[in-house]
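Raw contents of my_file_5.pdb, PDB, C-alpha atoms:
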MODEL        1
ATOM      1  CA  MET A   1      -8.707  62.678  65.523
ATOM      2  CA  SER A   2      -8.164  58.952  65.312
ATOM      3  CA  GLU A   3      -6.626  56.810  67.998
ATOM      4  CA  SER A   4      -3.590  56.153  65.810
ATOM      5  CA  ASP A   5      -2.879  59.888  65.538
ATOM      6  CA  GLY A   6      -3.049  60.346  69.307
ATOM      7  CA  ALA A   7      -0.725  57.459  69.910
ATOM      8  CA  GLY A   8       1.842  58.903  67.464
ATOM      9  CA  ALA A   9       1.729  62.278  69.210
ATOM     10  CA  ASP A  10       2.332  60.672  72.558
ATOM     11  CA  GLN A  11       5.265  58.725  71.144
ATOM     12  CA  ALA A  12       6.866  61.871  69.613
ATOM     13  CA  GLY A  13       6.510  63.779  72.854
ATOM     14  CA  SER A  14       8.146  61.019  74.802
ATOM     15  CA  GLU A  15      11.202  61.059  72.447
ATOM     16  CA  ASP A  16      11.840  64.877  72.806
ATOM     17  CA  VAL A  17      11.866  64.992  76.622
ATOM     18  CA  THR A  18      15.217  63.954  78.322
ATOM     19  CA  PRO A  19      15.393  63.482  82.075
ATOM     20  CA  GLU A  20      17.668  65.976  83.997
ATOM     21  CA  GLU A  21      20.775  64.595  85.733
ATOM     22  CA  THR A  22      20.464  64.502  89.486
ATOM     23  CA  PRO A  23      23.379  65.106  91.938
ATOM     24  CA  GLU A  24      23.418  61.402  92.611
ATOM     25  CA  SER A  25      23.905  60.617  88.941
ATOM     26  CA  ALA A  26      26.711  63.233  88.605
ATOM     27  CA  GLU A  27      28.590  61.677  91.492
ATOM     28  CA  GLU A  28      28.210  58.288  89.873
ATOM     29  CA  THR A  29      29.866  59.573  86.661
ATOM     30  CA  GLN A  30      33.030  60.868  88.531
ATOM     31  CA  PRO A  31      36.014  58.552  87.893
ATOM     32  CA  ALA A  32      36.762  56.256  90.761
ATOM     33  CA  GLY A  33      39.907  56.849  92.832
ATOM     34  CA  GLU A  34      39.999  60.694  92.517
ATOM     35  CA  ALA A  35      39.543  62.543  95.803
ATOM     36  CA  PRO A  36      38.025  66.039  95.791
ATOM     37  CA  GLU A  37      40.592  68.884  95.856
ATOM     38  CA  GLU A  38      41.217  70.652  99.170
ATOM     39  CA  SER A  39      39.519  73.981  99.280
ATOM     40  CA  ALA A  40      42.311  75.905 101.110
ATOM     41  CA  VAL A  41      46.041  75.548 102.064
ATOM     42  CA  ALA A  42      46.776  75.386 105.764
ATOM     43  CA  GLU A  43      48.127  78.717 107.102
ATOM     44  CA  PRO A  44      51.556  78.757 108.905
ATOM     45  CA  THR A  45      51.424  78.603 112.655
ATOM     46  CA  LEU A  46      52.434  81.491 114.909
ATOM     47  CA  GLU A  47      55.734  79.768 115.743
ATOM     48  CA  GLU A  48      56.572  79.359 112.035
ATOM     49  CA  GLN A  49      55.799  83.014 111.330
ATOM     50  CA  LEU A  50      57.967  84.103 114.275
ATOM     51  CA  ALA A  51      60.889  81.944 113.083
ATOM     52  CA  GLU A  52      60.621  83.386 109.569
ATOM     53  CA  ARG A  53      60.594  86.989 110.842
ATOM     54  CA  THR A  54      63.590  86.219 113.086
ATOM     55  CA  LEU A  55      65.590  84.925 110.127
ATOM     56  CA  ASP A  56      64.712  88.053 108.141
ATOM     57  CA  LEU A  57      65.915  90.293 110.975
ATOM     58  CA  GLN A  58      69.157  88.331 111.333
ATOM     59  CA  ARG A  59      69.848  88.603 107.600
ATOM     60  CA  ILE A  60      69.206  92.359 107.619
ATOM     61  CA  GLN A  61      71.459  92.805 110.652
ATOM     62  CA  ALA A  62      74.297  90.841 108.994
ATOM     63  CA  GLU A  63      73.981  92.941 105.832
ATOM     64  CA  TYR A  64      74.158  96.133 107.895
ATOM     65  CA  VAL A  65      77.248  94.952 109.799
ATOM     66  CA  ASN A  66      79.031  94.101 106.546
ATOM     67  CA  TYR A  67      78.059  97.452 105.049
ATOM     68  CA  LYS A  68      79.351  99.326 108.101
ATOM     69  CA  ARG A  69      82.655  97.455 107.939
ATOM     70  CA  ARG A  70      83.103  98.366 104.273
ATOM     71  CA  VAL A  71      82.330 102.012 104.977
ATOM     72  CA  ASP A  72      84.773 102.139 107.886
ATOM     73  CA  ARG A  73      87.492 100.422 105.828
ATOM     74  CA  ASP A  74      87.004 102.795 102.898
ATOM     75  CA  ARG A  75      87.021 105.809 105.226
ATOM     76  CA  GLU A  76      90.298 104.679 106.825
ATOM     77  CA  LEU A  77      91.841 104.051 103.402
ATOM     78  CA  VAL A  78      90.921 107.557 102.232
ATOM     79  CA  ARG A  79      92.367 109.053 105.422
ATOM     80  CA  VAL A  80      95.660 107.173 105.050
ATOM     81  CA  GLN A  81      95.979 108.095 101.380
ATOM     82  CA  GLY A  82      95.428 111.760 102.177
ATOM     83  CA  GLU A  83      97.986 111.639 104.981
ATOM     84  CA  ILE A  84     100.560 109.953 102.709
ATOM     85  CA  ALA A  85     100.011 112.558  99.988
ATOM     86  CA  VAL A  86     100.662 115.418 102.441
ATOM     87  CA  LEU A  87     103.804 113.776 103.832
ATOM     88  CA  GLN A  88     105.182 113.133 100.338
ATOM     89  CA  SER A  89     104.732 116.797  99.481
ATOM     90  CA  LEU A  90     106.887 117.708 102.520
ATOM     91  CA  LEU A  91     109.860 115.492 101.638
ATOM     92  CA  THR A  92     111.577 118.142  99.526
ATOM     93  CA  VAL A  93     111.183 120.639 102.393
ATOM     94  CA  LEU A  94     112.801 118.135 104.749
ATOM     95  CA  ASP A  95     115.635 117.705 102.227
ATOM     96  CA  ASP A  96     116.276 121.457 102.251
ATOM     97  CA  ILE A  97     116.261 121.496 106.047
ATOM     98  CA  GLY A  98     118.742 118.619 106.117
ATOM     99  CA  ARG A  99     121.144 120.396 103.745
ATOM    100  CA  ALA A 100     120.876 123.583 105.785
ATOM    101  CA  ALA A 101     121.737 121.637 108.937
ATOM    102  CA  GLU A 102     124.792 120.127 107.232
ATOM    103  CA  HIS A 103     126.075 123.615 106.340
ATOM    104  CA  GLY A 104     125.387 125.064 109.788
ATOM    105  CA  GLU A 105     122.637 127.361 108.534
ATOM    106  CA  LEU A 106     119.903 126.002 110.793
ATOM    107  CA  GLU A 107     119.783 128.775 113.401
ATOM    108  CA  GLY A 108     117.352 131.161 115.072
ATOM    109  CA  GLY A 109     113.790 131.246 113.821
ATOM    110  CA  PHE A 110     114.582 128.871 110.983
ATOM    111  CA  LYS A 111     115.602 126.223 113.497
ATOM    112  CA  ALA A 112     112.383 126.719 115.473
ATOM    113  CA  VAL A 113     110.342 126.172 112.316
ATOM    114  CA  SER A 114     112.435 123.110 111.488
ATOM    115  CA  ASP A 115     111.890 121.621 114.929
ATOM    116  CA  ALA A 116     108.137 122.212 114.715
ATOM    117  CA  LEU A 117     107.960 120.555 111.290
ATOM    118  CA  GLN A 118     109.993 117.566 112.428
ATOM    119  CA  SER A 119     107.720 117.158 115.444
ATOM    120  CA  ALA A 120     104.608 117.302 113.253
ATOM    121  CA  VAL A 121     105.759 114.667 110.756
ATOM    122  CA  THR A 122     106.946 112.420 113.582
ATOM    123  CA  LYS A 123     103.413 112.408 115.012
ATOM    124  CA  HIS A 124     102.282 111.006 111.669
ATOM    125  CA  LYS A 125     104.887 108.216 111.998
ATOM    126  CA  LEU A 126     107.172 109.509 109.262
ATOM    127  CA  GLU A 127     110.586 107.913 109.741
ATOM    128  CA  ALA A 128     113.855 108.766 107.995
ATOM    129  CA  PHE A 129     116.330 106.050 107.044
ATOM    130  CA  GLY A 130     119.522 105.698 105.055
ATOM    131  CA  ALA A 131     122.723 106.254 107.010
ATOM    132  CA  LYS A 132     126.311 105.270 106.456
ATOM    133  CA  GLY A 133     126.985 101.813 107.844
ATOM    134  CA  GLU A 134     123.502 100.384 107.228
ATOM    135  CA  ALA A 135     123.343  96.991 105.529
ATOM    136  CA  PHE A 136     122.203  97.475 101.938
ATOM    137  CA  ASP A 137     118.554  96.521 101.412
ATOM    138  CA  PRO A 138     117.238  96.814  97.828
ATOM    139  CA  SER A 139     113.710  97.371  99.154
ATOM    140  CA  LEU A 140     114.914 100.460 101.080
ATOM    141  CA  HIS A 141     118.019 101.691  99.254
ATOM    142  CA  GLU A 142     118.679 102.680  95.664
ATOM    143  CA  ALA A 143     122.376 102.132  94.918
ATOM    144  CA  VAL A 144     123.662 104.513  92.231
ATOM    145  CA  PHE A 145     127.370 103.725  92.460
ATOM    146  CA  HIS A 146     129.790 101.196  93.855
ATOM    147  CA  ALA A 147     132.547 102.480  96.125
ATOM    148  CA  GLY A 148     134.759  99.424  95.970
ATOM    149  CA  GLU A 149     135.534  96.844  98.601
ATOM    150  CA  SER A 150     136.386  97.027 102.258
ATOM    151  CA  GLY A 151     137.700  94.546 104.771
ATOM    152  CA  GLU A 152     135.737  96.324 107.510
ATOM    153  CA  VAL A 153     132.311  95.110 106.316
ATOM    154  CA  GLU A 154     130.903  91.607 106.084
ATOM    155  CA  VAL A 155     127.972  92.384 103.756
ATOM    156  CA  THR A 156     127.231  95.016 101.124
ATOM    157  CA  THR A 157     126.941  98.208 103.149
ATOM    158  CA  VAL A 158     125.853 101.809 102.623
ATOM    159  CA  ASP A 159     128.987 103.950 102.318
ATOM    160  CA  THR A 160     127.589 107.264 101.066
ATOM    161  CA  VAL A 161     124.089 108.755 101.413
ATOM    162  CA  LEU A 162     123.078 111.079  98.586
ATOM    163  CA  ARG A 163     119.427 111.439  99.605
ATOM    164  CA  THR A 164     117.638 110.323 102.758
ATOM    165  CA  GLY A 165     114.801 107.833 102.469
ATOM    166  CA  TYR A 166     111.454 108.047 104.274
ATOM    167  CA  ARG A 167     108.781 105.553 105.251
ATOM    168  CA  VAL A 168     105.566 105.323 107.259
ATOM    169  CA  GLY A 169     105.443 101.999 109.025
ATOM    170  CA  ASP A 170     106.188  99.346 106.417
ATOM    171  CA  ARG A 171     105.287 101.633 103.506
ATOM    172  CA  VAL A 172     108.297 103.214 101.806
ATOM    173  CA  LEU A 173     107.508 106.720 100.558
ATOM    174  CA  ARG A 174     110.944 107.213  99.026
ATOM    175  CA  ALA A 175     113.970 104.927  98.841
ATOM    176  CA  ALA A 176     117.302 106.267 100.060
ATOM    177  CA  THR A 177     119.789 107.060  97.282
ATOM    178  CA  VAL A 178     123.170 105.648  98.303
ATOM    179  CA  GLY A 179     126.588 104.436  97.278
ATOM    180  CA  VAL A 180     127.638 101.025  98.547
ATOM    181  CA  VAL A 181     130.782  99.131  99.409
ATOM    182  CA  ASP A 182     131.236  95.366  99.218
ATOM    183  CA  PRO A 183     133.158  93.166 101.616
ATOM    184  CA  ALA A 184     136.668  92.310 100.489
ATOM    185  CA  PRO A 185     137.218  88.703  99.523
ATOM    186  CA  GLU A 186     139.066  86.675 102.070
ATOM    187  CA  ALA A 187     142.660  85.952 101.200
ATOM    188  CA  ALA A 188     143.382  82.332 100.522
ATOM    189  CA  PRO A 189     145.513  80.796 103.286
ATOM    190  CA  GLU A 190     149.108  80.098 102.292
ATOM    191  CA  PRO A 191     149.991  76.426 102.179
ATOM    192  CA  ALA A 192     152.043  75.300 105.138
ATOM    193  CA  GLU A 193     155.642  74.398 104.379
ATOM    194  CA  GLU A 194     156.473  70.773 104.863
ATOM    195  CA  VAL A 195     159.312  70.225 107.277
ATOM    196  CA  GLY A 196     161.474  67.374 106.089
ATOM    197  CA  THR A 197     163.392  65.091 108.487
ATOM    198  CA  ASP A 198     166.684  63.584 107.545
ATOM    199  CA  GLU A 199     166.755  59.990 108.576
ATOM    200  CA  ALA A 200     169.968  58.098 108.660
ATOM    201  CA  PRO A 201     169.937  54.831 106.775
ATOM    202  CA  ASP A 202     169.802  51.776 108.853
ATOM    203  CA  SER A 203     173.147  49.998 109.081
ATOM    204  CA  GLU A 204     173.225  46.337 109.283
TER     205      GLU A 204
ENDMDL
END
Translate the structure of the given file into structure tokens.
Amino acid sequence: MSESDGAGADQAGSEDVTPEETPESAEETQPAGEAPEESAVAEPTLEEQLAERTLDLQRIQAEYVNYKRRVDRDRELVRVQGEIAVLQSLLTVLDDIGRAAEHGELEGGFKAVSDALQSAVTKHKLEAFGAKGEAFDPSLHEAVFHAGESGEVEVTTVDTVLRTGYRVGDRVLRAATVGVVDPAPEAAPEPAEEVGTDEAPDSE
């Protein structure tokens, strides 16, 4: 082998071999101004965890209180509706008892049953209304005829009761069926007569 061949082999070998990058060289190639990313996020402190759990408990408690209120309100509404339905079904029975009392037929055992029924409905705050002489109220009375005018009343007044009305508190279960009378118009005052005076003419 000649010296020229050996020199060419050494030159070819030196071109194929590339030096490996060292950690120092890799750091040098990182762009300037970029800090290394943090490896982990800081965990919340014990006080922060306690405050978060406290807020969760307060929210759950508020939701429970609101739920309980809704349940209690719905339960009361169902109870009242059931009570009203029972009382409405008894109104016709009370009408029959009232007619029997008007004809003097409410005696003996029938009267005892009537008294017991009246006591029971009174405990449930059922109140009868609609009597002669009451001022007419369209929210309580249903006027089916007009009985004329009267000078004894100052406002439209119940004159005849055809069917008693009933209510529970402010809730009207049935309006009273009535006839009404209106106040008579006031008579216009008669004009006063002028009293003339005869004056004698002045004599000069």
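Of the listed residues (A:Ala120, A:Thr45, A:Ala184, A:Glu127), A:Ala184 comes nearest to Ser150 of chain A; the distances count all atoms listed in the file.
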Between atom CA of Val121 of chain A and atom CA of Thr92 of chain A, what is the distance, to one decimal in Å?
13.1 Å
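Across the chains present, the PyMOL selection byres ((chain A and resi 156-167) around 7) applied to this file returns Leu126, Glu127, Ala128, Phe129, Gly130, Ala131, Lys132, Gly133, Glu134, Ala135, Phe136, Val153, Val155, Val168, Gly169, Asp170, Arg171, Val172, Leu173, Arg174, Ala175, Ala176, Thr177, Val178, Gly179, Val180, Val181, Asp182 and Pro183 of chain A.
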Figure out the distance between atom CA of Leu94 of chain A and atom CA of Leu106 of chain A, please, to one decimal in Å.
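So the answer is 12.2 Å.
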Atom CA of Gly109 of chain A and atom CA of Glu83 of chain A are how many Å apart?
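About the pair atom CA of Gly109 of chain A and atom CA of Glu83 of chain A: they are 26.7 Å apart.
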Please evaluate the PyMOL selection byres ((chain A and resi 97) around 12) against the structure above and give the resulting residues as a ChimeraX atom specification.
/A:90-96,98-107,110-118,164
Output requested as a CSV table (one decimal), keeping the file's coordinate frame - segment 155-172 of chain A, filled out with N, CA and C atoms.
chain,number,residue,atom,x,y,z
A,155,VAL,N,129.0,92.4,104.8
A,155,VAL,CA,128.0,92.4,103.8
A,155,VAL,C,128.0,93.7,103.0
A,156,THR,N,127.3,93.8,101.9
A,156,THR,CA,127.2,95.0,101.1
A,156,THR,C,126.6,96.1,102.0
A,157,THR,N,127.3,97.2,102.1
A,157,THR,CA,126.9,98.2,103.1
A,157,THR,C,126.9,99.6,102.5
A,158,VAL,N,126.0,100.4,103.1
A,158,VAL,CA,125.9,101.8,102.6
A,158,VAL,C,127.1,102.6,103.0
A,159,ASP,N,127.8,103.2,102.0
A,159,ASP,CA,129.0,104.0,102.3
A,159,ASP,C,128.7,105.5,102.2
A,160,THR,N,127.9,105.8,101.3
A,160,THR,CA,127.6,107.3,101.1
A,160,THR,C,126.1,107.4,100.9
A,161,VAL,N,125.5,108.5,101.5
A,161,VAL,CA,124.1,108.8,101.4
A,161,VAL,C,123.9,110.0,100.6
A,162,LEU,N,123.3,109.9,99.4
A,162,LEU,CA,123.1,111.1,98.6
A,162,LEU,C,121.7,111.7,98.9
A,163,ARG,N,120.8,110.9,99.3
A,163,ARG,CA,119.4,111.4,99.6
A,163,ARG,C,118.8,110.5,100.6
A,164,THR,N,118.3,111.1,101.7
A,164,THR,CA,117.6,110.3,102.8
A,164,THR,C,116.3,109.7,102.3
A,165,GLY,N,116.1,108.5,102.8
A,165,GLY,CA,114.8,107.8,102.5
A,165,GLY,C,113.8,108.1,103.6
A,166,TYR,N,112.5,107.9,103.3
A,166,TYR,CA,111.5,108.0,104.3
A,166,TYR,C,110.4,106.9,104.1
A,167,ARG,N,109.8,106.6,105.2
A,167,ARG,CA,108.8,105.6,105.3
A,167,ARG,C,107.8,105.8,106.4
A,168,VAL,N,106.6,105.3,106.2
A,168,VAL,CA,105.6,105.3,107.3
A,168,VAL,C,105.2,103.9,107.6
A,169,GLY,N,105.6,103.4,108.7
A,169,GLY,CA,105.4,102.0,109.0
A,169,GLY,C,106.2,101.1,108.1
A,170,ASP,N,105.5,100.2,107.4
A,170,ASP,CA,106.2,99.3,106.4
A,170,ASP,C,106.1,99.9,105.0
A,171,ARG,N,105.5,101.0,104.8
A,171,ARG,CA,105.3,101.6,103.5
A,171,ARG,C,106.4,102.6,103.2
A,172,VAL,N,107.2,102.3,102.2
A,172,VAL,CA,108.3,103.2,101.8
A,172,VAL,C,107.8,104.3,100.9
